[in-house]
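File shown here: work-v2.cif, holding mmCIF, C-alpha atoms.
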data_start
loop_
_atom_site.label_atom_id
_atom_site.label_comp_id
_atom_site.auth_asym_id
_atom_site.auth_seq_id
_atom_site.Cartn_x
_atom_site.Cartn_y
_atom_site.Cartn_z
CA MET R 1 96.69 124.79 166.75
CA SER R 2 99.75 122.69 165.94
CA ASP R 3 101.98 123.81 163.08
CA LEU R 4 102.02 120.20 161.88
CA THR R 5 99.04 119.49 159.66
CA TYR R 6 97.33 116.15 159.38
CA PRO R 7 95.24 115.63 156.22
CA PRO R 8 91.57 116.49 156.67
CA PRO R 9 89.11 113.62 157.20
CA ARG R 10 87.64 111.95 154.15
CA LEU R 11 84.32 111.21 155.84
CA ILE R 12 82.47 113.17 158.51
CA PHE R 13 79.32 111.70 160.00
CA TRP R 14 77.02 114.18 161.71
CA GLU R 15 74.31 112.87 163.99
CA THR R 16 71.74 115.45 163.03
CA THR R 17 69.42 114.45 165.88
CA ALA R 18 68.86 111.63 168.34
CA GLY R 19 65.20 111.66 167.35
CA CYS R 20 63.96 108.71 165.32
CA ASN R 21 60.67 107.15 164.30
CA LEU R 22 62.05 103.64 164.89
CA ALA R 23 63.61 101.95 167.94
CA CYS R 24 65.99 99.39 166.42
CA ILE R 25 67.32 96.85 168.89
CA HIS R 26 70.91 97.13 167.58
CA CYS R 27 71.14 100.94 167.53
CA ARG R 28 74.49 102.38 168.58
CA ARG R 29 72.53 104.77 170.83
CA ILE R 30 71.43 103.67 174.30
CA THR R 31 68.45 106.04 174.21
CA VAL R 32 66.52 107.10 171.13
CA ALA R 33 63.93 109.87 171.33
CA ASN R 34 60.72 109.99 169.32
CA GLN R 35 61.11 113.75 168.87
CA LEU R 36 63.73 116.44 168.34
CA LEU R 37 65.76 117.27 171.44
CA PRO R 38 66.72 120.68 172.86
CA GLN R 39 70.36 119.53 172.91
CA ASP R 40 70.42 119.18 169.11
CA LEU R 41 72.63 121.68 167.33
CA THR R 42 70.55 124.62 166.13
CA THR R 43 70.30 125.49 162.46
CA ALA R 44 72.74 128.36 162.95
CA GLU R 45 75.20 126.11 164.79
CA ALA R 46 74.93 123.46 162.08
CA LEU R 47 75.62 125.97 159.31
CA ALA R 48 78.59 127.41 161.21
CA MET R 49 79.98 123.90 161.70
CA ILE R 50 79.66 123.22 157.97
CA ASP R 51 81.50 126.43 157.15
CA GLN R 52 84.34 125.39 159.46
CA ILE R 53 84.55 121.97 157.84
CA ALA R 54 84.46 123.37 154.31
CA ALA R 55 87.24 125.84 155.13
CA PHE R 56 89.41 122.96 156.36
CA GLY R 57 88.72 120.37 153.65
CA GLN R 58 86.06 118.93 151.37
CA PRO R 59 85.06 115.59 152.86
CA ILE R 60 82.02 113.46 152.28
CA PHE R 61 79.52 114.85 154.78
CA VAL R 62 77.01 112.22 155.92
CA LEU R 63 73.76 113.40 157.48
CA SER R 64 73.06 110.65 159.97
CA GLY R 65 70.99 110.17 163.10
CA GLY R 66 68.72 109.08 164.73
CA GLU R 67 66.64 109.81 161.69
CA PRO R 68 67.84 112.95 159.87
CA LEU R 69 64.48 113.40 158.15
CA PHE R 70 63.09 114.24 161.60
CA ARG R 71 64.76 117.67 161.29
CA PRO R 72 62.52 120.20 159.47
CA ASP R 73 65.65 122.15 158.46
CA ILE R 74 67.54 119.15 157.08
CA PHE R 75 67.18 120.20 153.42
CA ASP R 76 68.35 123.75 154.11
CA ILE R 77 71.37 122.31 155.92
CA ALA R 78 72.08 119.86 153.08
CA ARG R 79 71.85 122.65 150.51
CA HIS R 80 74.26 124.81 152.52
CA ALA R 81 76.75 121.94 152.75
CA ALA R 82 76.51 121.16 149.03
CA ASP R 83 76.95 124.83 148.12
CA ALA R 84 80.00 124.94 150.41
CA GLY R 85 81.62 122.21 148.31
CA LEU R 86 80.99 119.20 150.53
CA ILE R 87 79.86 115.88 149.05
CA VAL R 88 76.60 115.34 150.92
CA ALA R 89 75.09 111.94 151.68
CA LEU R 90 72.01 111.00 153.69
CA ALA R 91 71.74 107.97 155.98
CA THR R 92 68.10 107.12 156.63
CA ASN R 93 65.96 104.13 157.53
CA GLY R 94 63.92 104.94 154.41
CA THR R 95 60.51 104.68 156.02
CA LEU R 96 59.82 108.43 155.81
CA VAL R 97 60.83 108.85 152.17
CA THR R 98 57.71 109.90 150.27
CA ALA R 99 57.59 111.17 146.70
CA ASP R 100 57.81 114.76 147.98
CA ILE R 101 60.70 113.95 150.35
CA ALA R 102 62.59 112.25 147.52
CA ARG R 103 62.15 115.34 145.35
CA ARG R 104 63.44 117.57 148.16
CA ILE R 105 66.43 115.27 148.71
CA LYS R 106 67.30 115.69 145.05
CA GLU R 107 66.88 119.47 145.11
CA SER R 108 68.98 119.89 148.26
CA GLY R 109 72.14 118.59 146.57
CA ILE R 110 72.38 115.24 148.36
CA ARG R 111 74.46 112.94 146.18
CA ARG R 112 73.66 109.53 147.64
CA VAL R 113 71.24 107.99 150.13
CA SER R 114 71.94 104.95 152.27
CA ILE R 115 69.01 102.89 153.49
CA SER R 116 69.34 100.23 156.15
CA PHE R 117 68.17 96.72 155.35
CA ASP R 118 68.94 94.23 158.10
CA GLY R 119 67.46 91.26 156.32
CA ALA R 120 66.71 90.11 152.81
CA ASP R 121 63.00 89.78 153.57
CA ALA R 122 60.39 91.46 155.75
CA PRO R 123 60.33 88.93 158.62
CA THR R 124 64.12 89.11 159.08
CA HIS R 125 64.47 92.88 158.65
CA ASP R 126 61.50 93.69 160.86
CA ILE R 127 62.96 91.69 163.77
CA PHE R 128 65.43 94.54 164.22
CA ARG R 129 63.45 97.53 162.96
CA GLY R 130 59.82 96.86 163.73
CA PRO R 131 56.71 95.63 161.86
CA GLY R 132 56.26 97.11 158.41
CA ALA R 133 59.73 98.69 158.22
CA PHE R 134 60.86 96.52 155.29
CA LYS R 135 57.89 97.41 153.10
CA LYS R 136 58.16 101.12 153.93
CA ALA R 137 61.90 101.15 153.14
CA LEU R 138 61.25 99.54 149.75
CA THR R 139 58.62 102.19 149.04
CA GLY R 140 61.17 104.87 149.94
CA ILE R 141 63.64 103.35 147.48
CA PHE R 142 60.98 103.43 144.76
CA HIS R 143 60.56 107.18 145.29
CA LEU R 144 64.34 107.75 145.21
CA ARG R 145 64.61 105.82 141.96
CA GLU R 146 61.86 107.97 140.46
CA VAL R 147 63.96 111.11 140.96
CA ASP R 148 67.23 109.42 139.97
CA ILE R 149 69.03 109.59 143.35
CA PRO R 150 71.70 106.86 143.78
CA TYR R 151 71.10 104.72 146.86
CA GLN R 152 72.97 101.99 148.69
CA ILE R 153 71.95 99.32 151.16
CA ASN R 154 73.56 99.20 154.61
CA THR R 155 73.24 95.84 156.38
CA THR R 156 74.22 95.16 159.97
CA VAL R 157 75.35 91.55 160.11
CA ALA R 158 74.18 89.65 163.18
CA LYS R 159 72.96 86.18 164.16
CA HIS R 160 69.50 86.71 162.70
CA ASN R 161 70.69 87.46 159.15
CA VAL R 162 74.24 86.12 158.78
CA HIS R 163 72.87 83.21 156.74
CA GLN R 164 71.22 85.66 154.31
CA MET R 165 74.26 87.36 152.81
CA PRO R 166 73.76 85.95 149.27
CA GLU R 167 70.06 86.85 149.41
CA THR R 168 70.88 90.34 150.70
CA LEU R 169 73.30 90.87 147.83
CA ALA R 170 70.66 89.64 145.40
CA LEU R 171 68.15 92.07 146.92
CA ALA R 172 70.59 94.98 146.51
CA LYS R 173 71.08 94.13 142.85
CA ARG R 174 67.38 93.53 142.22
CA ILE R 175 66.27 96.91 143.57
CA GLY R 176 69.00 98.79 141.72
CA ALA R 177 71.28 99.76 144.61
CA VAL R 178 74.70 101.08 143.62
CA ALA R 179 76.34 99.47 146.64
CA LEU R 180 75.96 97.02 149.52
CA HIS R 181 77.81 98.00 152.69
CA LEU R 182 78.11 95.39 155.42
CA PHE R 183 78.38 96.56 159.03
CA LEU R 184 79.69 94.15 161.64
CA LEU R 185 77.89 94.73 164.94
CA VAL R 186 79.89 96.73 167.50
CA PRO R 187 79.00 96.21 171.19
CA VAL R 188 78.14 99.80 172.08
CA GLY R 189 74.81 101.51 172.79
CA CYS R 190 71.92 99.08 172.44
CA GLY R 191 74.45 96.70 170.89
CA VAL R 192 75.89 96.07 174.36
CA GLU R 193 72.62 94.63 175.53
CA ILE R 194 72.15 92.33 172.53
CA ALA R 195 75.80 91.54 171.72
CA GLU R 196 75.85 88.19 173.48
CA ASP R 197 72.60 87.16 171.85
CA LYS R 198 73.04 88.62 168.35
CA GLN R 199 76.80 89.07 167.82
CA ILE R 200 78.27 86.60 165.37
CA SER R 201 81.36 84.67 166.45
CA PRO R 202 84.88 85.52 165.28
CA THR R 203 84.78 82.44 163.04
CA GLU R 204 81.50 83.55 161.46
CA TYR R 205 82.95 87.07 161.11
CA GLU R 206 85.88 85.65 159.14
CA ALA R 207 83.53 83.56 156.98
CA VAL R 208 81.39 86.61 156.09
CA LEU R 209 84.45 88.59 155.00
CA ASN R 210 85.73 85.69 152.88
CA TRP R 211 82.27 85.43 151.31
CA MET R 212 82.43 89.15 150.59
CA TYR R 213 85.80 88.76 148.87
CA ASP R 214 84.39 86.07 146.57
CA ALA R 215 81.22 88.10 145.94
CA GLU R 216 83.23 91.20 145.13
CA MET R 217 85.41 89.29 142.71
CA GLU R 218 82.22 88.46 140.80
CA GLY R 219 81.55 92.18 140.37
CA GLY R 220 78.26 93.79 139.46
CA ILE R 221 77.92 96.05 142.51
CA GLU R 222 80.14 97.96 144.91
CA LEU R 223 80.73 96.01 148.14
CA LYS R 224 82.28 97.49 151.24
CA ALA R 225 82.92 96.23 154.77
CA THR R 226 82.45 98.68 157.64
CA CYS R 227 83.61 98.03 161.21
CA ALA R 228 85.37 95.06 159.65
CA PRO R 229 88.99 96.12 159.25
CA HIS R 230 90.19 92.52 158.90
CA TYR R 231 88.87 92.59 155.35
CA PHE R 232 92.08 94.26 154.21
CA ARG R 233 94.13 91.47 155.73
CA ILE R 234 91.85 88.84 154.18
CA VAL R 235 92.14 90.44 150.71
CA ARG R 236 95.93 90.28 150.86
CA GLN R 237 95.92 86.72 152.19
CA ARG R 238 93.51 85.52 149.51
CA GLN R 239 95.41 87.23 146.72
CA ALA R 240 98.72 85.77 147.93
CA GLU R 241 97.13 82.33 148.08
CA GLU R 242 95.75 82.70 144.56
CA ARG R 243 99.14 83.77 143.20
CA ARG R 244 100.78 80.72 144.78
CA GLU R 245 98.20 78.54 143.02
CA GLY R 246 98.78 80.31 139.72
CA ILE R 247 95.36 81.98 139.74
CA PHE R 248 95.33 85.48 138.32
CA ARG R 249 91.87 87.02 138.21
CA GLU R 250 90.98 90.48 137.01
CA ARG R 251 89.98 92.43 140.08
CA PRO R 252 86.79 94.50 139.93
CA SER R 253 87.15 98.25 140.29
CA SER R 254 85.52 98.37 143.74
CA LEU R 255 88.06 95.91 145.16
CA HIS R 256 90.89 97.88 143.58
CA ARG R 257 89.51 101.03 145.20
CA GLN R 258 89.48 99.40 148.60
CA GLN R 259 93.17 98.57 148.24
CA HIS R 260 94.40 101.68 146.48
CA GLY R 261 91.84 104.38 147.22
CA GLY R 262 94.13 107.37 147.47
CA ASN R 263 97.12 108.45 149.52
CA THR R 264 98.68 105.86 151.79
CA HIS R 265 99.91 107.81 154.78
CA THR R 266 99.24 106.21 158.15
CA GLY R 267 95.81 107.76 158.43
CA GLY R 268 94.62 106.25 155.17
CA HIS R 269 93.07 109.46 153.92
CA PRO R 270 92.37 109.37 150.19
CA GLY R 271 93.49 112.66 148.79
CA GLY R 272 90.68 113.70 146.52
CA ASN R 273 89.05 112.04 143.62
CA GLY R 274 91.92 111.04 141.36
CA HIS R 275 91.97 108.52 138.54
CA GLY R 276 88.21 108.72 138.05
CA ARG R 277 87.33 107.00 141.34
CA HIS R 278 83.96 107.88 142.80
CA PRO R 279 84.60 109.62 146.13
CA MET R 280 81.91 107.56 147.86
CA ASN R 281 83.81 104.35 147.17
CA ALA R 282 87.44 105.02 148.07
CA MET R 283 89.01 103.26 151.05
CA THR R 284 92.61 102.75 152.02
CA LYS R 285 92.79 100.80 155.28
CA GLY R 286 90.70 99.10 157.89
CA CYS R 287 89.81 101.14 160.96
CA LEU R 288 89.66 104.81 160.01
CA ALA R 289 88.45 106.11 163.39
CA GLY R 290 90.17 109.43 164.00
CA THR R 291 92.43 108.97 160.98
CA GLY R 292 90.18 109.18 157.93
CA ILE R 293 86.77 109.67 159.52
CA THR R 294 85.17 111.36 162.49
CA PHE R 295 81.71 111.55 164.03
CA ILE R 296 79.98 114.65 165.40
CA SER R 297 77.12 114.03 167.80
CA HIS R 298 73.80 115.88 167.80
CA ARG R 299 75.14 117.88 170.77
CA GLY R 300 78.44 118.79 169.12
CA GLU R 301 80.78 116.23 170.67
CA VAL R 302 83.47 115.00 168.29
CA PHE R 303 84.26 111.29 168.43
CA PRO R 304 86.66 109.13 166.40
CA CYS R 305 83.65 107.26 164.97
CA GLY R 306 80.02 106.71 165.82
CA TYR R 307 80.82 103.54 167.75
CA LEU R 308 83.73 104.79 169.87
CA PRO R 309 82.23 107.00 172.62
CA VAL R 310 85.45 108.71 173.71
CA GLU R 311 85.32 112.47 173.19
CA ALA R 312 88.09 114.19 171.23
CA GLY R 313 86.59 117.68 171.52
CA HIS R 314 83.41 119.70 171.22
CA ILE R 315 82.50 122.04 168.38
CA ARG R 316 80.53 124.29 170.74
CA ARG R 317 83.85 125.02 172.44
CA GLN R 318 86.55 124.55 169.76
CA PRO R 319 86.94 125.00 166.01
CA PHE R 320 86.60 121.71 164.15
CA ALA R 321 90.05 121.96 162.53
CA GLU R 322 91.68 122.46 165.93
CA ILE R 323 90.03 119.31 167.29
CA TRP R 324 91.02 117.27 164.24
CA GLN R 325 94.63 118.45 164.30
CA ASP R 326 95.38 118.65 168.01
CA SER R 327 93.27 116.08 169.85
CA PRO R 328 95.53 113.77 171.94
CA LEU R 329 92.99 110.99 171.36
CA PHE R 330 93.28 111.32 167.59
CA ALA R 331 97.09 111.45 167.88
CA GLU R 332 97.06 108.07 169.64
CA LEU R 333 94.75 106.49 167.09
CA ARG R 334 97.06 107.66 164.29
CA GLU R 335 100.02 105.75 165.71
CA PRO R 336 99.71 102.01 164.97
CA ASP R 337 102.78 101.24 167.09
CA LEU R 338 100.69 102.07 170.18
CA LEU R 339 98.32 99.16 169.55
CA GLY R 340 98.36 96.46 172.20
CA GLY R 341 97.94 92.70 172.31
CA LYS R 342 98.26 90.75 169.10
CA CYS R 343 97.19 93.85 167.10
CA GLY R 344 100.45 95.47 168.15
CA LEU R 345 102.41 92.43 166.96
CA CYS R 346 100.51 91.92 163.72
CA GLU R 347 102.21 92.48 160.38
CA PHE R 348 98.89 93.78 159.02
CA LYS R 349 98.39 96.45 161.69
CA LYS R 350 98.97 99.39 159.36
CA ILE R 351 96.34 98.24 156.88
CA CYS R 352 93.90 96.77 159.41
CA SER R 353 94.43 98.28 162.88
CA GLY R 354 91.57 96.21 164.28
CA CYS R 355 88.27 97.82 165.22
CA ARG R 356 89.14 100.36 167.90
CA ALA R 357 85.48 100.66 168.92
CA ARG R 358 85.11 96.91 169.34
CA ALA R 359 88.28 96.79 171.45
CA PHE R 360 86.91 99.61 173.62
CA GLY R 361 83.48 98.04 173.90
CA THR R 362 84.99 94.75 175.01
CA ASP R 363 87.55 95.80 177.63
CA GLY R 364 87.53 99.62 177.76
CA ASP R 365 90.86 100.05 175.93
CA TYR R 366 90.60 101.65 172.48
CA LEU R 367 94.22 100.71 171.77
CA GLY R 368 93.68 97.14 172.88
CA GLU R 369 93.45 93.92 170.96
CA GLU R 370 90.61 93.45 168.47
CA PRO R 371 88.50 90.72 170.11
CA PHE R 372 86.85 89.42 166.91
CA CYS R 373 89.92 88.43 164.95
CA THR R 374 91.00 84.81 164.49
CA TYR R 375 94.35 85.65 162.89
CA VAL R 376 97.54 84.77 164.79
CA PRO R 377 100.34 87.21 163.85
CA ARG R 378 103.59 85.73 162.64
CA LEU R 379 105.51 87.24 165.56
CA VAL R 380 103.25 85.32 167.95
CA GLU R 381 103.72 82.14 165.94
CA PHE R 382 107.49 82.51 165.97
CA SER R 383 107.59 83.09 169.73
CA ASN R 384 105.66 79.90 170.53
#
Give the structure from this file in structure tokens form.
Amino acid sequence: MSDLTYPPPRLIFWETTAGCNLACIHCRRITVANQLLPQDLTTAEALAMIDQIAAFGQPIFVLSGGEPLFRPDIFDIARHAADAGLIVALATNGTLVTADIARRIKESGIRRVSISFDGADAPTHDIFRGPGAFKKALTGIFHLREVDIPYQINTTVAKHNVHQMPETLALAKRIGAVALHLFLLVPVGCGVEIAEDKQISPTEYEAVLNWMYDAEMEGGIELKATCAPHYFRIVRQRQAEERREGIFRERPSSLHRQQHGGNTHTGGHPGGNGHGRHPMNAMTKGCLAGTGITFISHRGEVFPCGYLPVEAGHIRRQPFAEIWQDSPLFAELREPDLLGGKCGLCEFKKICSGCRARAFGTDGDYLGEEPFCTYVPRLVEFSN
């Protein structure tokens, strides 16, 4: 391992299994199984991985999938991670959350649950996730509320629901969610097949993020953009514009967290929990793939994020800390001066970086230009 240490990741997503009870048309996976797979990490392997991670740092550890509730050992694994000092979160579609499951989630030490809602009503949501999914997810939220587990809504923004952002925000507030996280569709996995049909345009992308800025300024709930690194550029542009117009608004705490959520080294890793910030909320820059986050597949492959399918290492062959510190792939992603196209020329590249997964999904170059950005960097303007 290198003598030079890079700060540990703030977020680690573990794909607990590829098994899932749904077959969502926008899933980042190309194939989804309706059962557990023999390639899934065993219980013993999962516990050993957690011990390695805990010895290296204390990130937020997200149990993802597939559907993590498919694993019969998921609560034992969650309890082990919580006891090891990790902040454990669960990402589920919500349809399997019964009263008993909610109680077990609480007892296992899971601190927050994210539930996917891809529409503000049943007809819109069920287009992506199947008949009855909306009603079942709402029932799951009811059971979580009964045992006092905080939950957030994750919404993938696409053609079918882009017009519903205000209604989706209203839904999140109405059902008592602590946060609404917007995910901009990345053309990988099943998303490749539907990207042309469902992907919003760069102009619509920009409009959604400007709407989010205005909604966040109103406060009332934590809002966060995922796979939407341009939001950090938009925040700075909007604030500069407001200052020029003599508008000085008090910024809600969630927006302040997204701008100042911890240490500001190139990787954007927030160092701990300082100043009373909730660790689930902190952000420091746009694309955190391989710099502040990483993704571990159900087979043990380590990727920069769940949408960038370029392997950095494998925990069945290497210690996690060694992969995080020494991967050449991660080293490239941590150097913004390697970015190409207009991303490389952009004055916002250190706070945005463009979506590396979207660049890869579009032309196969993870250091290439972000294809869904309408901004023209000043250096490009000056050269024309």
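Every protein, DNA or RNA residue with an atom at most 8 Å from stretch 155-167 of chain R, where only C-alpha atoms count and chain neighbours fewer than 5 positions away do not, is listed here: Ser116, Phe117, Asp118, Gly119, Ala120, Thr124, Leu180, His181, Leu182, Phe183, Leu184, Leu185, Asp197, Lys198, Gln199, Ile200 and Val208 of chain R.
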Notebook entry, point to check: For the file shown, what are the residues hit by the PyMOL selection byres ((chain R and resi 219-222) around 7), laid out as an NGL selection string?
Noted result: :R and (178-180 or 215-218 or 223-224 or 252 or 254)
Checklist line | R:Ile105, R:Leu329, R:Ile127, R:Ile351 ranked by distance to R:His143, top pick (using all atoms listed in the file) | finding: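 Ranked by minimum distance to R:His143, first place goes to R:Ile105.
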Note to self: My list of candidates is R:Leu90, R:Leu96, R:Leu288, R:Leu209. Which is closest to R:Arg10 when distances are computed with only C-alpha atoms?
What the structure shows: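 Comparing R:Leu90, R:Leu96, R:Leu288, R:Leu209 against R:Arg10, the winner is R:Leu288.
With only C-alpha atoms as the atoms that count, the residue of R:Glu370, R:Asp214, R:Asp121, R:Asp148 with the shortest distance to R:Cys343 is R:Glu370.
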